[in-house]
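Contents: one structure, followed by commentary.
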Amino acid sequence: MQANHTIAFAAVFGAALLLASPMGLSASPLQTSHAAAQVEDAFTPVVVRPLGQRHIVVAGTDNQYHVVYELELTNTKAAPATLQRIDVLAADAGSRVVQSYAAKDLLAGLRTLQPVPADDALIAPNASRLFYVELAFPDAATIPIALMHRMVLLGSANPGLHTSATPLQYTVARVELSRVPLPVIESPLRGDGWVAANGCCNSDIVHRGSTQSVNGSLFNSQRYAIDWMRLDQHGQLVHGDPSDVHNYPDYDAKVYAVADATVIETLDELDDNIPGKLPDPTTLTLRTVDGNHAILDIGRGLYAFYAHLKKGSVAVHVGDRIKAGMVIGNLGNSGNTSAPHLHFHLMDGPSSLGSEGVPYVIDQFTMSGQVDIKAFEKSEDLSGHWGTPLAQPLMQKARFPLNLNVVKFSAP
């Protein structure tokens with residue numbers, strides 16, 4: 001962090017990259033228009049739109065570069081459309097396939113707009129689906145400038161009302177991969193044994209599946225959210241009676257400001273839930289769904305969000321100007337949660353639901369272990385012993401914790 005604790009930014013690949021104009025260095029507007037006129041129009045019964053405006057690559061603790069985003073797919077014609085394959089292509093390398101989704105992999109990424117898992121790969125006329133893309137690149141040299149999406153499907157071959165579904169293939173939906181520097185923040189917690197539950201990149205699409213219709217648009221503010229939970233010295237997330245919040249090692253832990261900031265929103269009036277089940281959704285509102293919480297304006301159009309805090313613990317107020325490392329409140333179990341944890345994410349707007357989630361890196365932490373992802377996803381509760389220690393803990397600098405990493409946060 002910088003000496004004054006204002007938020008620092010790190011380039012995605014260690015050095016900022018400059019992108020050439022889409023027209024090139026020597027192309028004229030006339031030449032560009034002429035070239036565009038030679039492109040033949042394609043009939044596309046299923047239209048495809050990426051959610052969000054910026055798609056940024058982030059360096060993870062696995063030494064790979066990750067990008068995740070969502071596509072909104074809408075069948076605009078009369079015949080039902082059946083998706084067969086979606087190929088993610090490197091737009092700057094011909095038709096090089098970066099990732100291909102078919103059969104069970106395709107279905108695993110499909111959601112309705114609610115969003116809940118889709119039953120099949122069929123999109124009814126005038127209906128929409130969401131498709132979740134998750135990519136990892138082994139090194140900077142393999143990251144394309146942009147991505148395109150080749151759709152292979154059965155659908156309407158023309159605009160006629162009685163056209164039957166026929167085999168189609170077309171390439172659409174360009175996604176630019178932004179090279180903007182990533183925000184570098186301090187850790188929101190202190191101490192060891194912290195588990196990045198429901199983190200990126202998560203095959204169950206937990207936080208990424210939290211797309212919401214807010215203020216007239218679809219947003220995914222939780223795209224890079226983490227639910228921080230804590231292991232005790234025996235590797236347990238809970239001991240004794242799991243319905244008692246005090247039996248969770250993370251309960252009542254102090255939560256810290258990740259950068260110098262201005263407090264723009266707080267809530268500190270909701271009781272903890274009894275762990276073990278989620279609250280009745282009909283009792284939740286947009287104001288209370290995240291429980292007791294705080295939103296910090298950390299500058300440069302970015303906001304830090306802390307959710308599910310303990311009632312009476314929120315130590316900041318709207319309008320406060322605070323320093324990195326100051327206590328925000330204490331970890332609790334309020335709002336839409338079934339066990340104590342700190343939900344934390346960064347976003348590009350002040351609304352916890354009506355903004356886009358953005359990636360970031362933490363200035364430094366130690367990766368000390370990993371919870372078995374498959375075992376955790378199959379588990380019906382949090383009981384048992386979790387976490388496999390690394391033979392040699394790894395110091396991480398300017399990295400993003402990935403799903404179920406076990407980390408130690410030291411004071412800056």
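Note on naming: chains are A, B, ... as they come in the structure tokens, residues start from 1 per chain, ligands start from 1 in the order shown.
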
- Enumerate the residues of stretch 132-291 of chain A with a DSSP assignment of strand (DSSP E or B), computed from the backbone, and present them as a VMD selection string. chain A and resid 132 to 137 146 to 156 165 to 178 182 to 185 191 to 197 212 to 214 217 to 219 226 to 230 254 to 256 261 to 267

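For A:Arg230, the residues within 9 Å (counting only C-alpha atoms, excluding itself and residues fewer than 2 positions away along the chain) are Asp192, Gly193, Trp194, Val195, Ala196, Trp228, Asp232, Gly235, Gln236, Leu237, Val238, Tyr248, Pro249, Asp250, Tyr251, His341 and Val406 of chain A.
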
For the selection just defined, write its residues with N, CA, C and O atoms to a file, as a PDB file, in the first residue's frame.
```pdb
ATOM      1  N   ASP A 192      -5.062 -15.998  11.254  1.00  0.00           N
ATOM      2  CA  ASP A 192      -4.915 -17.144  10.366  1.00  0.00           C
ATOM      3  C   ASP A 192      -6.184 -17.984  10.310  1.00  0.00           C
ATOM      4  O   ASP A 192      -7.153 -17.738  11.030  1.00  0.00           O
ATOM      5  N   GLY A 193      -6.180 -18.969   9.409  1.00  0.00           N
ATOM      6  CA  GLY A 193      -7.290 -19.893   9.294  1.00  0.00           C
ATOM      7  C   GLY A 193      -8.480 -19.385   8.507  1.00  0.00           C
ATOM      8  O   GLY A 193      -9.548 -20.014   8.530  1.00  0.00           O
ATOM      9  N   TRP A 194      -8.331 -18.293   7.772  1.00  0.00           N
ATOM     10  CA  TRP A 194      -9.471 -17.742   7.042  1.00  0.00           C
ATOM     11  C   TRP A 194      -9.671 -18.489   5.717  1.00  0.00           C
ATOM     12  O   TRP A 194      -8.735 -18.660   4.944  1.00  0.00           O
ATOM     13  N   VAL A 195     -10.907 -18.905   5.475  1.00  0.00           N
ATOM     14  CA  VAL A 195     -11.260 -19.705   4.300  1.00  0.00           C
ATOM     15  C   VAL A 195     -12.085 -18.862   3.329  1.00  0.00           C
ATOM     16  O   VAL A 195     -13.096 -18.266   3.719  1.00  0.00           O
ATOM     17  N   ALA A 196     -11.655 -18.847   2.064  1.00  0.00           N
ATOM     18  CA  ALA A 196     -12.350 -18.072   1.027  1.00  0.00           C
ATOM     19  C   ALA A 196     -13.511 -18.898   0.473  1.00  0.00           C
ATOM     20  O   ALA A 196     -13.468 -19.411  -0.654  1.00  0.00           O
ATOM     21  N   TRP A 228     -15.976 -15.056   3.826  1.00  0.00           N
ATOM     22  CA  TRP A 228     -14.839 -15.436   4.666  1.00  0.00           C
ATOM     23  C   TRP A 228     -15.322 -16.130   5.938  1.00  0.00           C
ATOM     24  O   TRP A 228     -16.099 -15.570   6.705  1.00  0.00           O
ATOM     25  N   ASP A 232     -10.779 -23.275  13.240  1.00  0.00           N
ATOM     26  CA  ASP A 232     -10.110 -23.220  14.534  1.00  0.00           C
ATOM     27  C   ASP A 232      -8.826 -24.048  14.468  1.00  0.00           C
ATOM     28  O   ASP A 232      -8.426 -24.538  13.399  1.00  0.00           O
ATOM     29  N   GLY A 235      -9.025 -27.348  12.740  1.00  0.00           N
ATOM     30  CA  GLY A 235      -9.511 -27.401  11.365  1.00  0.00           C
ATOM     31  C   GLY A 235     -11.014 -27.448  11.242  1.00  0.00           C
ATOM     32  O   GLY A 235     -11.557 -27.879  10.218  1.00  0.00           O
ATOM     33  N   GLN A 236     -11.744 -26.976  12.260  1.00  0.00           N
ATOM     34  CA  GLN A 236     -13.202 -26.998  12.246  1.00  0.00           C
ATOM     35  C   GLN A 236     -13.778 -25.605  11.982  1.00  0.00           C
ATOM     36  O   GLN A 236     -13.259 -24.609  12.487  1.00  0.00           O
ATOM     37  N   LEU A 237     -14.850 -25.567  11.208  1.00  0.00           N
ATOM     38  CA  LEU A 237     -15.582 -24.325  10.987  1.00  0.00           C
ATOM     39  C   LEU A 237     -16.633 -24.103  12.067  1.00  0.00           C
ATOM     40  O   LEU A 237     -17.098 -22.979  12.261  1.00  0.00           O
ATOM     41  N   VAL A 238     -17.021 -25.177  12.741  1.00  0.00           N
ATOM     42  CA  VAL A 238     -17.976 -25.097  13.842  1.00  0.00           C
ATOM     43  C   VAL A 238     -17.704 -26.253  14.789  1.00  0.00           C
ATOM     44  O   VAL A 238     -17.295 -27.332  14.362  1.00  0.00           O
ATOM     45  N   TYR A 248     -18.914 -20.835  16.303  1.00  0.00           N
ATOM     46  CA  TYR A 248     -18.198 -20.635  15.040  1.00  0.00           C
ATOM     47  C   TYR A 248     -16.963 -19.784  15.318  1.00  0.00           C
ATOM     48  O   TYR A 248     -17.074 -18.682  15.869  1.00  0.00           O
ATOM     49  N   PRO A 249     -15.762 -20.262  14.952  1.00  0.00           N
ATOM     50  CA  PRO A 249     -14.534 -19.534  15.284  1.00  0.00           C
ATOM     51  C   PRO A 249     -14.469 -18.115  14.733  1.00  0.00           C
ATOM     52  O   PRO A 249     -13.746 -17.274  15.277  1.00  0.00           O
ATOM     53  N   ASP A 250     -15.209 -17.848  13.643  1.00  0.00           N
ATOM     54  CA  ASP A 250     -15.133 -16.512  13.047  1.00  0.00           C
ATOM     55  C   ASP A 250     -16.075 -15.510  13.702  1.00  0.00           C
ATOM     56  O   ASP A 250     -15.926 -14.296  13.517  1.00  0.00           O
ATOM     57  N   TYR A 251     -17.039 -15.976  14.479  1.00  0.00           N
ATOM     58  CA  TYR A 251     -18.055 -15.083  15.024  1.00  0.00           C
ATOM     59  C   TYR A 251     -17.436 -14.009  15.909  1.00  0.00           C
ATOM     60  O   TYR A 251     -16.579 -14.288  16.748  1.00  0.00           O
ATOM     61  N   HIS A 341     -20.356 -15.414   8.818  1.00  0.00           N
ATOM     62  CA  HIS A 341     -19.257 -15.193   7.876  1.00  0.00           C
ATOM     63  C   HIS A 341     -19.244 -13.715   7.491  1.00  0.00           C
ATOM     64  O   HIS A 341     -20.217 -12.999   7.710  1.00  0.00           O
ATOM     65  N   VAL A 406      -7.094 -21.374   2.107  1.00  0.00           N
ATOM     66  CA  VAL A 406      -6.964 -21.049   3.530  1.00  0.00           C
ATOM     67  C   VAL A 406      -5.789 -20.091   3.659  1.00  0.00           C
ATOM     68  O   VAL A 406      -4.679 -20.398   3.198  1.00  0.00           O
TER      69      VAL A 406
END
```

Distance query A:Leu278 at most 10 Å, only C-alpha atoms, self and fewer than 4 positions along chain excluded, as a ChimeraX atom specification: /A:273-274,335-339

Practice problem: Would you kindly return, as a ChimeraX atom specification, each protein, DNA or RNA residue with an atom no farther than 10 Å from any atom of stretch 135-145 of chain A, considering only C-alpha atoms and excluding same-chain residues fewer than 5 positions away? | Solution: /A:12-14,19,57-60,62-69,88-93,98-99,175-179,201

Expected file: the selected residues, N, CA, C and O atoms, as a CSV table (one decimal), in the first residue's frame:
```csv
chain,number,residue,atom,x,y,z
A,12,VAL,N,-2.3,-5.6,-14.6
A,12,VAL,CA,-2.6,-7.0,-14.6
A,12,VAL,C,-1.4,-7.9,-14.9
A,12,VAL,O,-1.3,-9.0,-14.3
A,13,PHE,N,-0.5,-7.5,-15.7
A,13,PHE,CA,0.6,-8.3,-16.1
A,13,PHE,C,1.9,-7.8,-15.5
A,13,PHE,O,3.0,-8.1,-16.1
A,14,GLY,N,1.9,-6.9,-14.5
A,14,GLY,CA,3.1,-6.4,-14.0
A,14,GLY,C,3.5,-5.1,-14.6
A,14,GLY,O,4.2,-4.3,-14.1
A,19,LEU,N,-3.4,-0.3,-25.7
A,19,LEU,CA,-4.1,-1.0,-26.8
A,19,LEU,C,-4.2,0.0,-27.9
A,19,LEU,O,-4.4,1.2,-27.8
A,57,VAL,N,-9.1,-9.1,-16.3
A,57,VAL,CA,-8.3,-10.3,-15.9
A,57,VAL,C,-7.6,-10.1,-14.6
A,57,VAL,O,-7.1,-9.0,-14.3
A,58,VAL,N,-7.7,-11.1,-13.7
A,58,VAL,CA,-7.1,-11.0,-12.4
A,58,VAL,C,-6.2,-12.2,-12.1
A,58,VAL,O,-6.5,-13.3,-12.5
A,59,ALA,N,-5.0,-11.9,-11.5
A,59,ALA,CA,-4.1,-12.9,-11.1
A,59,ALA,C,-4.5,-13.6,-9.8
A,59,ALA,O,-4.7,-13.0,-8.8
A,60,GLY,N,-4.6,-15.0,-9.9
A,60,GLY,CA,-5.0,-15.7,-8.7
A,60,GLY,C,-3.9,-16.4,-8.0
A,60,GLY,O,-2.7,-16.3,-8.4
A,62,ASP,N,-3.2,-19.4,-7.8
A,62,ASP,CA,-2.8,-20.6,-8.6
A,62,ASP,C,-1.8,-20.2,-9.7
A,62,ASP,O,-1.4,-21.0,-10.6
A,63,ASN,N,-1.4,-18.9,-9.7
A,63,ASN,CA,-0.5,-18.4,-10.7
A,63,ASN,C,-1.1,-18.4,-12.1
A,63,ASN,O,-0.3,-18.4,-13.1
A,64,GLN,N,-2.4,-18.4,-12.2
A,64,GLN,CA,-3.1,-18.3,-13.5
A,64,GLN,C,-3.8,-17.0,-13.5
A,64,GLN,O,-4.1,-16.3,-12.4
A,65,TYR,N,-4.2,-16.6,-14.7
A,65,TYR,CA,-5.0,-15.3,-14.9
A,65,TYR,C,-6.4,-15.7,-15.2
A,65,TYR,O,-6.7,-16.4,-16.1
A,66,HIS,N,-7.4,-15.1,-14.4
A,66,HIS,CA,-8.8,-15.5,-14.5
A,66,HIS,C,-9.6,-14.4,-15.0
A,66,HIS,O,-9.4,-13.2,-14.6
A,67,VAL,N,-10.7,-14.8,-15.7
A,67,VAL,CA,-11.7,-13.8,-16.1
A,67,VAL,C,-13.0,-14.5,-16.1
A,67,VAL,O,-13.1,-15.7,-16.6
A,68,VAL,N,-14.1,-14.0,-15.5
A,68,VAL,CA,-15.4,-14.5,-15.4
A,68,VAL,C,-16.4,-13.5,-15.9
A,68,VAL,O,-16.2,-12.3,-15.6
A,69,TYR,N,-17.4,-13.9,-16.6
A,69,TYR,CA,-18.4,-13.0,-17.1
A,69,TYR,C,-19.7,-13.8,-17.4
A,69,TYR,O,-19.7,-15.1,-17.4
A,88,VAL,N,-15.8,-20.4,-26.9
A,88,VAL,CA,-15.2,-19.0,-26.6
A,88,VAL,C,-14.0,-19.0,-27.5
A,88,VAL,O,-13.1,-19.8,-27.4
A,89,LEU,N,-13.9,-18.0,-28.3
A,89,LEU,CA,-12.8,-17.8,-29.3
A,89,LEU,C,-11.9,-16.6,-29.0
A,89,LEU,O,-12.4,-15.6,-28.5
A,90,ALA,N,-10.6,-16.7,-29.3
A,90,ALA,CA,-9.7,-15.6,-29.2
A,90,ALA,C,-10.0,-14.7,-30.4
A,90,ALA,O,-9.7,-15.1,-31.5
A,91,ALA,N,-10.5,-13.5,-30.2
A,91,ALA,CA,-10.8,-12.7,-31.3
A,91,ALA,C,-9.7,-12.2,-32.1
A,91,ALA,O,-9.8,-11.9,-33.3
A,92,ASP,N,-8.5,-12.2,-31.5
A,92,ASP,CA,-7.3,-11.7,-32.2
A,92,ASP,C,-6.4,-12.9,-32.8
A,92,ASP,O,-5.3,-12.7,-33.1
A,93,ALA,N,-7.0,-14.1,-32.8
A,93,ALA,CA,-6.2,-15.2,-33.2
A,93,ALA,C,-7.0,-16.2,-34.1
A,93,ALA,O,-7.1,-17.4,-33.9
A,98,VAL,N,-10.6,-21.0,-27.1
A,98,VAL,CA,-10.1,-20.8,-25.7
A,98,VAL,C,-10.8,-21.8,-24.8
A,98,VAL,O,-10.2,-22.4,-23.9
A,99,GLN,N,-12.1,-21.9,-24.9
A,99,GLN,CA,-12.9,-22.9,-24.1
A,99,GLN,C,-14.1,-23.3,-24.9
A,99,GLN,O,-14.7,-22.5,-25.6
A,175,VAL,N,-16.2,-9.6,-26.5
A,175,VAL,CA,-15.9,-9.2,-25.1
A,175,VAL,C,-14.5,-8.7,-25.0
A,175,VAL,O,-13.6,-9.5,-25.2
A,176,GLU,N,-14.3,-7.4,-24.8
A,176,GLU,CA,-12.9,-6.9,-24.7
A,176,GLU,C,-12.4,-7.3,-23.3
A,176,GLU,O,-13.1,-7.2,-22.3
A,177,LEU,N,-11.2,-7.7,-23.3
A,177,LEU,CA,-10.5,-8.0,-22.0
A,177,LEU,C,-9.7,-6.8,-21.6
A,177,LEU,O,-8.7,-6.5,-22.1
A,178,SER,N,-10.2,-6.1,-20.5
A,178,SER,CA,-9.6,-4.8,-20.1
A,178,SER,C,-8.2,-5.0,-19.5
A,178,SER,O,-8.0,-6.0,-18.7
A,179,ARG,N,-7.3,-4.1,-19.8
A,179,ARG,CA,-6.0,-4.2,-19.2
A,179,ARG,C,-5.8,-3.0,-18.1
A,179,ARG,O,-4.7,-2.7,-17.8
A,201,CYS,N,-12.6,-19.4,-8.4
A,201,CYS,CA,-13.6,-19.6,-9.4
A,201,CYS,C,-14.3,-20.8,-9.1
A,201,CYS,O,-13.8,-21.9,-9.0
```

- From stretch 62-119 of chain A, collect each residue whose DSSP state is helix (DSSP H, G or I) and return the set as a list in words. Ala103, Lys104, Asp105, Leu106, Leu107 and Ala108 of chain A

Output N, CA and C atoms for every residue in the selection just made, as a PDB file, in the first residue's frame.
```pdb
ATOM      1  N   ALA A 103     -22.782 -30.341 -23.963  1.00  0.00           N
ATOM      2  CA  ALA A 103     -23.365 -31.395 -23.125  1.00  0.00           C
ATOM      3  C   ALA A 103     -23.478 -30.929 -21.676  1.00  0.00           C
ATOM      4  N   LYS A 104     -22.931 -31.700 -20.723  1.00  0.00           N
ATOM      5  CA  LYS A 104     -23.113 -31.375 -19.313  1.00  0.00           C
ATOM      6  C   LYS A 104     -22.398 -30.085 -18.918  1.00  0.00           C
ATOM      7  N   ASP A 105     -21.292 -29.739 -19.587  1.00  0.00           N
ATOM      8  CA  ASP A 105     -20.601 -28.489 -19.283  1.00  0.00           C
ATOM      9  C   ASP A 105     -21.429 -27.288 -19.709  1.00  0.00           C
ATOM     10  N   LEU A 106     -22.121 -27.427 -20.816  1.00  0.00           N
ATOM     11  CA  LEU A 106     -23.010 -26.353 -21.276  1.00  0.00           C
ATOM     12  C   LEU A 106     -24.168 -26.173 -20.303  1.00  0.00           C
ATOM     13  N   LEU A 107     -24.807 -27.265 -19.925  1.00  0.00           N
ATOM     14  CA  LEU A 107     -25.945 -27.183 -19.025  1.00  0.00           C
ATOM     15  C   LEU A 107     -25.544 -26.647 -17.658  1.00  0.00           C
ATOM     16  N   ALA A 108     -24.333 -26.993 -17.203  1.00  0.00           N
ATOM     17  CA  ALA A 108     -23.869 -26.535 -15.891  1.00  0.00           C
ATOM     18  C   ALA A 108     -23.762 -25.017 -15.814  1.00  0.00           C
TER      19      ALA A 108
END
```

Which residues of stretch 231-307 of chain A sit at most 8 Å from stretch 311-320 of chain A, using only C-alpha atoms? Give each one's shortest atom pair and distance in Å (one decimal place), in chain and ascending residue order, as a Markdown table.
```
| residue | atom | partner | partner_atom | distance |
| --- | --- | --- | --- | --- |
| A:Thr262 | CA | A:Asp320 | CA | 5.7 |
| A:Val263 | CA | A:Val318 | CA | 4.9 |
| A:Ile264 | CA | A:Val318 | CA | 5.0 |
| A:Glu265 | CA | A:Val318 | CA | 5.5 |
| A:Thr266 | CA | A:His317 | CA | 6.6 |
| A:Leu267 | CA | A:Val314 | CA | 7.8 |
| A:Asp268 | CA | A:Lys311 | CA | 5.4 |
| A:Glu269 | CA | A:Lys311 | CA | 5.7 |
| A:Leu270 | CA | A:Lys311 | CA | 5.7 |
| A:Asp271 | CA | A:Lys311 | CA | 5.8 |
| A:Asp272 | CA | A:Lys311 | CA | 7.1 |
| A:Asn292 | CA | A:Lys311 | CA | 6.6 |
| A:His293 | CA | A:Val314 | CA | 7.7 |
| A:Ala294 | CA | A:Val314 | CA | 7.8 |
```

Using only C-alpha atoms, the shortest atom-to-atom distance to A:Asn75 among A:Ser368, A:Gly155, A:Thr61, A:His149 belongs to A:Gly155

Can you pull out every residue within 10 Å of A:Gly301, counting only C-alpha atoms, but drop anything in the same chain fewer than 3 positions away, and send it as an MDAnalysis selection string?
-> chainID A and resid 297:298 347:350

Selected residues, N, CA and C atoms, written as a PDB file, in the first residue's frame, please.
```
ATOM      1  N   ASP A 297     -16.794   4.173   0.136  1.00  0.00           N
ATOM      2  CA  ASP A 297     -16.299   4.749  -1.113  1.00  0.00           C
ATOM      3  C   ASP A 297     -14.780   4.825  -0.990  1.00  0.00           C
ATOM      4  N   ILE A 298     -14.068   3.963  -1.740  1.00  0.00           N
ATOM      5  CA  ILE A 298     -12.608   3.925  -1.622  1.00  0.00           C
ATOM      6  C   ILE A 298     -11.929   4.695  -2.753  1.00  0.00           C
ATOM      7  N   MET A 347     -17.142  -3.234  -5.908  1.00  0.00           N
ATOM      8  CA  MET A 347     -18.095  -2.986  -6.986  1.00  0.00           C
ATOM      9  C   MET A 347     -17.843  -1.608  -7.585  1.00  0.00           C
ATOM     10  N   ASP A 348     -18.441  -1.377  -8.760  1.00  0.00           N
ATOM     11  CA  ASP A 348     -18.172  -0.130  -9.476  1.00  0.00           C
ATOM     12  C   ASP A 348     -19.235   0.937  -9.250  1.00  0.00           C
ATOM     13  N   GLY A 349     -20.095   0.741  -8.250  1.00  0.00           N
ATOM     14  CA  GLY A 349     -21.113   1.725  -7.920  1.00  0.00           C
ATOM     15  C   GLY A 349     -21.496   1.635  -6.463  1.00  0.00           C
ATOM     16  N   PRO A 350     -22.272   2.581  -5.958  1.00  0.00           N
ATOM     17  CA  PRO A 350     -22.597   2.620  -4.535  1.00  0.00           C
ATOM     18  C   PRO A 350     -23.700   1.675  -4.104  1.00  0.00           C
TER      19      PRO A 350
END
```

ask   = What's the 8 Å shell around A:Gln396, counting only C-alpha atoms, without same-chain residues fewer than 6 positions away, as a PyMOL selection string?
value = chain A and resi 61+364-367

For A:Val48, the closest of A:Leu110, A:Met151, A:Ala118, A:Ala124 counting only C-alpha atoms is A:Met151
